[in-house]
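What follows is a single structure, written as structure tokens, with notes after it.
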Amino acid sequence: MAKHVSVSRRIFIFFNYIFLGVTAFICILPMINVLAVSLSSSSAAAAGYVKLWPVDFTLDSYKYALSKPEFVRAFIVSLKRVALGYVINILLCILVAYPLSKSKKMFKWRNFYAWFFIITMLFNGGLIPTYMVVRYLGLRDNILALILPGAVPVYFMILLMNFFRELPQEIEEAAYIDGADYWTSLWKIYIPLSKPALATVTLFIVVGHWNSWFDGLIYMNSMENYPLQSYLQTTVIGVDFNRASLSNLASLAEVSDRTFKAAQVFVGSLPILIVYPFLQPFFIKGLVLGSVKG
Amino acid sequence: MINNKRLRELPLHLMLLPGVLCTLVFSYVPMAGIVMAFQKFVPVKGIFKSEFVGLENFKYMLSLPNIYSVLWNTVFIAVMKIIAGMVFPIIFALLLNEVANDFFKRSVQTIIYLPFFLSWVILGGILIDILSPSSGIVNQFLSYLGIEPIYFLGDSKWFPFTLIISDTWKNFGYNTVIYLAALTGIDPTLYEAAIVDGAGRWKQTLHVTIPGIMSIVILMAVLSLGNVLNAGFEQVYNLYSPQVYSTGDIIDTLVYRIGLVDTQFSLATAIGLFKSIVSFGLIVLSNRLANKYAGYRVF
């Protein structure tokens, strides 16, 4: 359609590109600034010289962060949490989604179970009763306290269930005639056919576990068991930094803290930044899958 | 073909078992724990021996001096977030939809989507740094324009707006993608028909594009009704401080402080229950409306 493009349209397109580009840049600017701060010398950061590019480039803050055993330990706890949490979440997600994807005719109890899970999305006991249950079960300071309370990710389960339902039923019927039972058909047919949905769910589960911090804060008594985000919450945010009072004149020690905190923040988001570009095609797909269901 | 139906269904029950058990213990038992809201709960006595006090905790809740400002803050912050979280992404999606260059379009989406995947701890750390009145880049920029430094996180006048803007920023990419998906779903023949009828770009936007995404806009608005009491605990907790409690304290942070910091378990449970019940009503209502006007069903 190589047609005549009017002058006003051209002007619009030009300014549209500029506007979109600038907005996108503003969205990413805070991250760039903090990254630049983390790579600058503490004096340059304190003097406010750092804008978008490191001043007096140095890796000192990163070396300092990685030389702190607590930081490294918290990082490892987080990795463990993500690995264990992911396995349990995806397993339960599949095992619940599959039976619920059956019609009521095939599985009489389907609606009962479906409501059993949906209700937990609509209503919950709240912070204190949930905390009490974890406490009475003696799960404090146990990594399972970070995993079991959210063991069935109901939202993603529904997403997967809807995906399963869209798969052609004939395949399973054919497999059934060939002697396959539900377990075989789930394992051999449904899971291989659902890779795009599973990839999306995987992304959200992994990111969710990596990003969780509040449960670590309340269920772990000892800081040794904190995952990284909980650790960062207490060290970077919890210690009042620039917020204590209006007349808070930053001392020199606090200021050199600035590059160190920036470095920690950056390391804390590093795993996400690394996988992010690769998973990008999946999350748009998955989102559309989940939200635009009539 | 299937002789024994119950036997045939057995594997399905077995598959559900682990998920059901976990949900029972960690979702349904806490629901039963709500009785704490009607007790004078003492941990050593436990839930069965604590004294029953009826609605005493709720009465006490209403007598708290800050309860009304907390309720107001919650609703104000949540509603403003919902509005800003729709208006800006819709405008942005409309403009992005006009871009013909696919690479540019995808790059912009990727960039604006990034904050969505970072936790409020990380974003809190970033915001505290860039909004610092002394050395933060935002106030440096403002002083370059001749504006006095603004204490975004410490001034109770500014704090709610800092919350609203930073929340819009975090969810910007996610929301934009939703509306963009709706825009790309519009039937192209509608545009062709409009062109035949002599509609220019602007008229096409007005009469094809906007009606085309109206149903998803209404759906999102209706569904967000359930979030009117969710002002965003994770965000507020990471950004607030005592000097902004007057405008920044919300139900969830109050429950946390009363319950887990001051260990007044019953009172905190009562406040939490109040919130859950109102939210539940709103969710049911919003789903009804969404079903009625947009044919939406959760499952």
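So you can find residues: chains in the structure tokens are A, B, ... in the order shown, residues in each start at 1, and ligands are numbered from 1 in order.
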Notebook entry, point to check: Any idea what's packed within 12 Å of Val72 in chain A, counting only C-alpha atoms, ignoring anything in its chain fewer than 3 positions away? Could you give it as a PyMOL selection string?
Noted result: chain A and resi 62-69+75-79+224-228+231-232+264+267-268
For the residues selected in the previous step, produce a file with C-alpha atoms as a short mmCIF file (atom, residue, chain, number, x, y, z; two decimals), in the first residue's frame.
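And here's part14.cif as it stands now:
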```
data_model
loop_
_atom_site.label_atom_id
_atom_site.label_comp_id
_atom_site.auth_asym_id
_atom_site.auth_seq_id
_atom_site.Cartn_x
_atom_site.Cartn_y
_atom_site.Cartn_z
CA TYR A 62 30.70 -5.18 43.69
CA LYS A 63 33.89 -6.62 45.17
CA TYR A 64 32.78 -5.44 48.59
CA ALA A 65 29.28 -6.91 48.18
CA LEU A 66 30.59 -10.25 46.99
CA SER A 67 33.16 -10.38 49.77
CA LYS A 68 30.40 -10.21 52.38
CA PRO A 69 29.54 -13.76 53.39
CA PHE A 75 22.09 -15.31 47.19
CA ILE A 76 22.50 -19.08 47.61
CA VAL A 77 19.35 -19.34 49.74
CA SER A 78 17.49 -17.58 46.93
CA LEU A 79 18.81 -20.00 44.32
CA GLU A 224 21.18 -16.65 57.82
CA ASN A 225 18.04 -18.11 56.27
CA TYR A 226 16.97 -14.95 54.48
CA PRO A 227 16.68 -15.17 50.73
CA LEU A 228 18.43 -12.36 48.89
CA TYR A 231 18.24 -9.60 52.97
CA LEU A 232 18.24 -6.58 50.66
CA GLN A 264 23.57 -4.79 45.79
CA VAL A 267 23.14 -7.88 41.73
CA GLY A 268 19.69 -8.57 43.17
#
```
Note to self: Residues of chain B were defined as contacting chain A if any atom lay at most 7 Å from it, counting only C-alpha atoms; please report them as a ChimeraX atom specification.
What the structure shows: /B:9,11-12,15-16,19,22,26-27,30-31,33-34,95,108,111-112,117-119,121-122,125-126,130,132,135,137,154,169,178,181,238,259,265,269,272-273,276,280,295-296
Notebook entry, point to check: Mind pulling up the distance from CA of Leu279 in chain A to CA of Trp53 in chain A?
Noted result: 27.4 Å
Item checked: strand (DSSP E or B) positions in range 38-166 of chain B, given as a ChimeraX atom specification -> /B:39-40,51-52
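When the distance limit is 10 Å and only C-alpha atoms are what count, the residues near Lys275 in chain B, minus those fewer than 4 positions from it on the same chain, are Gly126 of chain A; Leu71, Leu229, Asn230, Ile251, Asp252, Thr269, Ala270, Ile271, Ser279 and Phe280 of chain B.
Here the question is which of A:Ser61, A:Asn111, A:Ser222, A:Thr202 gets nearest to Phe260 in chain A using only C-alpha atoms, and that residue is A:Ser61.
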As a PDB file with C-alpha atoms, in the first residue's frame, please: the residues near Leu219 in chain B (cut-off 10 Å, only C-alpha atoms, same-chain neighbours under 5 positions excluded).
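Heads up, here's the output in part.pdb:
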```
ATOM      1  CA  ILE B 213     -10.838  -1.775  22.435  1.00  0.00           C
ATOM      2  CA  MET B 214     -13.744  -0.443  24.442  1.00  0.00           C
ATOM      3  CA  SER B 224     -10.176  -3.753  38.961  1.00  0.00           C
ATOM      4  CA  SER B 286     -17.165  -7.107  39.582  1.00  0.00           C
ATOM      5  CA  ASN B 287     -17.254 -10.627  38.155  1.00  0.00           C
ATOM      6  CA  LEU B 289     -20.802  -7.180  36.065  1.00  0.00           C
ATOM      7  CA  ALA B 290     -17.999  -8.428  33.838  1.00  0.00           C
ATOM      8  CA  ASN B 291     -19.997 -11.509  32.998  1.00  0.00           C
ATOM      9  CA  TYR B 293     -21.557  -6.759  30.158  1.00  0.00           C
ATOM     10  CA  ALA B 294     -18.539  -8.438  28.592  1.00  0.00           C
ATOM     11  CA  GLY B 295     -19.415 -12.113  28.739  1.00  0.00           C
ATOM     12  CA  TYR B 296     -16.304 -12.676  30.830  1.00  0.00           C
TER      13      TYR B 296
END
```
Next item on the list: Find the spatial neighbours of Ile189 in chain A, counting only C-alpha atoms, within a cut-off of 9 Å - ignore same-chain residues fewer than 6 positions away - and output them as a count of residues only.
Entry: 3
